[in-house]
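Dumped start.csv below, it's CSV, C-alpha atoms:
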```csv
chain,number,residue,atom,x,y,z
A,1,MET,CA,-1.8,-3.4,-1.6
A,2,THR,CA,0.6,-1.0,-3.1
A,3,ARG,CA,-0.4,2.4,-4.5
A,4,GLY,CA,-0.3,1.1,-8.1
A,5,GLU,CA,-2.9,-1.6,-7.5
A,6,VAL,CA,-5.9,0.5,-6.6
A,7,THR,CA,-8.7,1.8,-8.8
A,8,HIS,CA,-8.8,5.6,-8.8
A,9,ILE,CA,-12.3,7.2,-8.8
A,10,PHE,CA,-12.9,10.7,-9.9
A,11,TYR,CA,-16.0,12.9,-10.3
A,12,GLU,CA,-15.7,14.9,-13.5
A,13,ALA,CA,-17.7,17.6,-15.2
A,14,PRO,CA,-19.3,16.7,-18.5
A,15,HIS,CA,-17.6,19.6,-20.3
A,16,ARG,CA,-14.2,18.4,-19.2
A,17,ILE,CA,-14.5,14.6,-19.6
A,18,LEU,CA,-13.0,14.5,-23.1
A,19,ASP,CA,-10.0,16.6,-22.0
A,20,THR,CA,-9.5,14.4,-18.9
A,21,LEU,CA,-9.6,11.2,-21.0
A,22,ALA,CA,-7.1,12.8,-23.4
A,23,ASP,CA,-4.8,13.5,-20.5
A,24,ILE,CA,-5.1,9.9,-19.2
A,25,GLU,CA,-4.3,8.7,-22.7
A,26,ALA,CA,-1.2,10.9,-22.8
A,27,VAL,CA,0.1,9.8,-19.4
A,28,PHE,CA,-0.9,6.1,-19.4
A,29,GLY,CA,-1.3,5.2,-23.1
A,30,THR,CA,-4.2,4.3,-25.3
A,31,SER,CA,-4.6,0.8,-23.7
A,32,GLN,CA,-5.4,2.2,-20.2
A,33,HIS,CA,-8.7,0.7,-19.0
A,34,VAL,CA,-11.3,3.1,-17.8
A,35,VAL,CA,-15.0,3.2,-16.9
A,36,VAL,CA,-17.1,6.3,-17.4
A,37,ALA,CA,-20.3,6.1,-15.4
A,38,ARG,CA,-23.0,8.6,-16.0
A,39,GLU,CA,-26.1,9.4,-14.0
A,40,LEU,CA,-25.5,6.7,-11.4
A,41,THR,CA,-28.7,5.5,-9.6
A,42,LYS,CA,-30.9,7.5,-12.1
A,43,LEU,CA,-33.2,6.4,-14.9
A,44,HIS,CA,-30.7,7.0,-17.6
A,45,GLU,CA,-27.7,5.4,-15.8
A,46,GLU,CA,-25.0,4.4,-18.3
A,47,PHE,CA,-21.6,2.7,-18.1
A,48,LEU,CA,-18.9,3.0,-20.8
A,49,ARG,CA,-16.1,0.5,-20.4
A,50,GLY,CA,-13.0,-0.1,-22.4
A,51,THR,CA,-9.7,1.4,-23.2
A,52,VAL,CA,-9.3,5.1,-22.7
A,53,ASP,CA,-9.1,5.5,-26.5
A,54,GLU,CA,-12.4,3.6,-27.1
A,55,VAL,CA,-14.3,5.4,-24.4
A,56,ARG,CA,-13.1,8.8,-25.5
A,57,SER,CA,-14.1,8.0,-29.1
A,58,GLN,CA,-17.5,7.0,-28.0
A,59,LEU,CA,-18.1,10.2,-26.1
A,60,ALA,CA,-16.5,12.4,-28.8
A,61,ALA,CA,-19.0,11.0,-31.3
A,62,ARG,CA,-21.9,12.4,-29.3
A,63,ALA,CA,-23.4,15.9,-29.9
A,64,THR,CA,-23.2,16.6,-26.1
A,65,VAL,CA,-22.1,14.9,-23.0
A,66,ARG,CA,-24.5,15.5,-20.1
A,67,GLY,CA,-25.0,14.3,-16.5
A,68,GLU,CA,-23.0,13.6,-13.4
A,69,ILE,CA,-19.9,11.6,-14.4
A,70,VAL,CA,-17.8,9.3,-12.4
A,71,LEU,CA,-14.5,8.2,-14.0
A,72,MET,CA,-12.8,5.1,-12.8
A,73,LEU,CA,-9.2,4.4,-13.7
A,74,ALA,CA,-8.1,0.8,-13.4
A,75,PRO,CA,-4.7,-0.1,-12.0
A,76,SER,CA,-2.2,0.5,-14.7
A,77,SER,CA,-0.3,-2.6,-15.9
A,78,SER,CA,2.8,-0.5,-16.2
A,79,LEU,CA,2.5,0.3,-12.5
A,80,LYS,CA,1.7,-3.2,-11.5
A,81,SER,CA,4.4,-5.1,-13.3
A,82,PRO,CA,7.4,-4.1,-11.2
A,83,SER,CA,5.7,-5.2,-8.0
A,84,ALA,CA,4.5,-8.4,-9.6
A,85,LYS,CA,8.1,-9.4,-10.3
A,86,ARG,CA,9.3,-8.4,-6.9
A,87,GLU,CA,9.8,-10.8,-4.1
A,88,SER,CA,7.4,-10.6,-1.2
A,89,LEU,CA,8.1,-7.9,1.4
A,90,ALA,CA,8.9,-10.5,4.0
A,91,VAL,CA,11.5,-12.1,1.8
A,92,GLU,CA,13.2,-8.8,1.0
A,93,VAL,CA,13.3,-7.9,4.7
A,94,ALA,CA,14.7,-11.3,5.7
A,95,ALA,CA,17.4,-11.1,3.0
A,96,LEU,CA,18.5,-7.6,4.1
A,97,MET,CA,18.6,-8.7,7.8
A,98,LYS,CA,20.8,-11.7,6.8
A,99,SER,CA,23.1,-10.0,4.3
A,100,GLU,CA,23.7,-6.8,6.2
A,101,GLY,CA,23.1,-7.9,9.8
A,102,ILE,CA,20.5,-5.1,10.4
A,103,SER,CA,17.4,-5.2,12.5
A,104,GLU,CA,14.0,-6.1,11.1
A,105,MET,CA,12.7,-2.5,11.6
A,106,ASP,CA,15.8,-1.0,9.8
A,107,ALA,CA,15.3,-3.6,6.9
A,108,LEU,CA,11.6,-2.8,6.8
A,109,LYS,CA,12.3,1.0,6.6
A,110,ARG,CA,14.7,0.4,3.7
A,111,VAL,CA,12.4,-1.8,1.7
A,112,ALA,CA,9.5,0.6,2.3
A,113,ARG,CA,11.6,3.5,1.0
A,114,GLU,CA,12.7,1.5,-2.1
A,115,ARG,CA,9.1,0.6,-2.9
A,116,GLY,CA,7.9,4.1,-2.4
A,117,ILE,CA,5.5,3.3,0.4
A,118,GLY,CA,5.2,4.4,4.0
A,119,LYS,CA,6.7,2.6,6.9
A,120,SER,CA,3.3,1.8,8.4
A,121,GLU,CA,1.9,0.5,5.1
A,122,ALA,CA,5.0,-1.7,4.8
A,123,TYR,CA,4.6,-3.0,8.4
A,124,ARG,CA,1.0,-3.9,7.7
A,125,GLU,CA,1.9,-5.8,4.6
A,126,LEU,CA,4.7,-7.6,6.5
A,127,GLN,CA,2.2,-8.6,9.2
A,128,ARG,CA,-0.3,-9.9,6.6
A,129,GLU,CA,2.4,-11.9,4.9
A,130,GLN,CA,3.6,-13.4,8.2
A,131,ASN,CA,0.0,-14.2,9.2
A,132,ARG,CA,-0.6,-16.0,5.9
A,133,LEU,CA,2.4,-18.2,6.5
A,134,ARG,CA,1.1,-19.3,9.9
```
Structure encoded using structure tokens:
Amino acid sequence: MTRGEVTHIFYEAPHRILDTLADIEAVFGTSQHVVVARELTKLHEEFLRGTVDEVRSQLAARATVRGEIVLMLAPSSSLKSPSAKRESLAVEVAALMKSEGISEMDALKRVARERGIGKSEAYRELQREQNRLR
């Protein structure tokens, strides 16, 4: 799993949630999917799901926003699309080994650097891909 494919979870104060949603909208766009969960495990538990624009509008229409808030930010499609078009890590490593005559570890380091992930994360992904092929 690359960094762009995880759901981010934040605890946010009720008095800052609208500003935080506005920041998310400014960075990721109005279509970014979010979930605002209020008062989890309590009597008045509430989940607001939708685009950041929709959820922010719903909260802005209220007189006040209260309670403990958990904000979940879905993987951004703009972050996922480059990796979705990429070849598998194993294929990239094998291609570098063949075209440049370098070792598997050197090829893995280069692919990791190009993808913006750590060596150990790239190695684990390579191992998972190789195990799936067996």
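CA of Met105 in chain A lies 17.4 Å from CA of Asn131 in chain A.
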Which one of A:His15, A:His33, A:Lys98, A:Arg128 sits closest to Leu59 in chain A if you count only C-alpha atoms?
A:His15
CA of Leu21 in chain A to CA of Leu43 in chain A: how many Å, to one decimal?
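Distance between the two atoms: 24.8 Å.
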Counting all atoms listed in the file, what is within 12 Å of Thr30 in chain A, bar same-chain residues fewer than 2 positions away, as a PyMOL selection string?
chain A and resi 21-28+32-34+50-57+76
Prev. selection, C-alpha atoms, output as a compact mmCIF listing (two decimals), in the coordinates of the input:
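What ended up in result-v4.txt:
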```
# COMPACT_ATOMS: atom_id res chain seq x y z
CA LEU A 21 -9.60 11.20 -21.00
CA ALA A 22 -7.10 12.80 -23.40
CA ASP A 23 -4.80 13.50 -20.50
CA ILE A 24 -5.10 9.90 -19.20
CA GLU A 25 -4.30 8.70 -22.70
CA ALA A 26 -1.20 10.90 -22.80
CA VAL A 27 0.10 9.80 -19.40
CA PHE A 28 -0.90 6.10 -19.40
CA GLN A 32 -5.40 2.20 -20.20
CA HIS A 33 -8.70 0.70 -19.00
CA VAL A 34 -11.30 3.10 -17.80
CA GLY A 50 -13.00 -0.10 -22.40
CA THR A 51 -9.70 1.40 -23.20
CA VAL A 52 -9.30 5.10 -22.70
CA ASP A 53 -9.10 5.50 -26.50
CA GLU A 54 -12.40 3.60 -27.10
CA VAL A 55 -14.30 5.40 -24.40
CA ARG A 56 -13.10 8.80 -25.50
CA SER A 57 -14.10 8.00 -29.10
CA SER A 76 -2.20 0.50 -14.70
```
In terms of the shortest atom-to-atom distance over all atoms listed in the file, which of A:Val36, A:Ala61, A:Ala122, A:Ile69 is closest to Tyr11 in chain A?
A:Ile69
Please provide as number ranges by chain all residues within 12 Å of Glu129 in chain A, with the sequence filter that same-chain residues fewer than 3 positions apart are discarded (counting all atoms listed in the file).
A: 1, 87-93, 122-126, 132-134
Can you tell me how far CA of Phe10 in chain A sits from CA of Val70 in chain A, in Å to one decimal?
5.7 Å
At a cut-off of 6 Å, using all atoms listed in the file, what residues contact Val35 in chain A? Leave out same-chain residues fewer than 6 positions from it and give the result as a PyMOL selection string.
chain A and resi 48-49+71-72
Pick from A:Ala60, A:Ile117, A:Leu40, A:Leu73 nearest to Val6 in chain A, counting only C-alpha atoms
A:Leu73
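Of the listed residues A:Val65, A:Ala37, A:Ala107, A:Leu96, the one whose atoms come nearest to Arg16 in chain A is A:Val65, with distances taken using all atoms listed in the file.
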Rank A:Met97, A:Lys42, A:Thr20, A:Leu108 by their smallest atom-to-atom distance to Ser120 in chain A, using only C-alpha atoms, and report the top residue only.
A:Leu108
With distances taken over all atoms listed in the file, which of A:Glu68, A:Glu12, A:Asp19, A:Glu114 is nearest to Arg38 in chain A?
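Closest to Arg38 in chain A, using all atoms listed in the file: A:Glu68.
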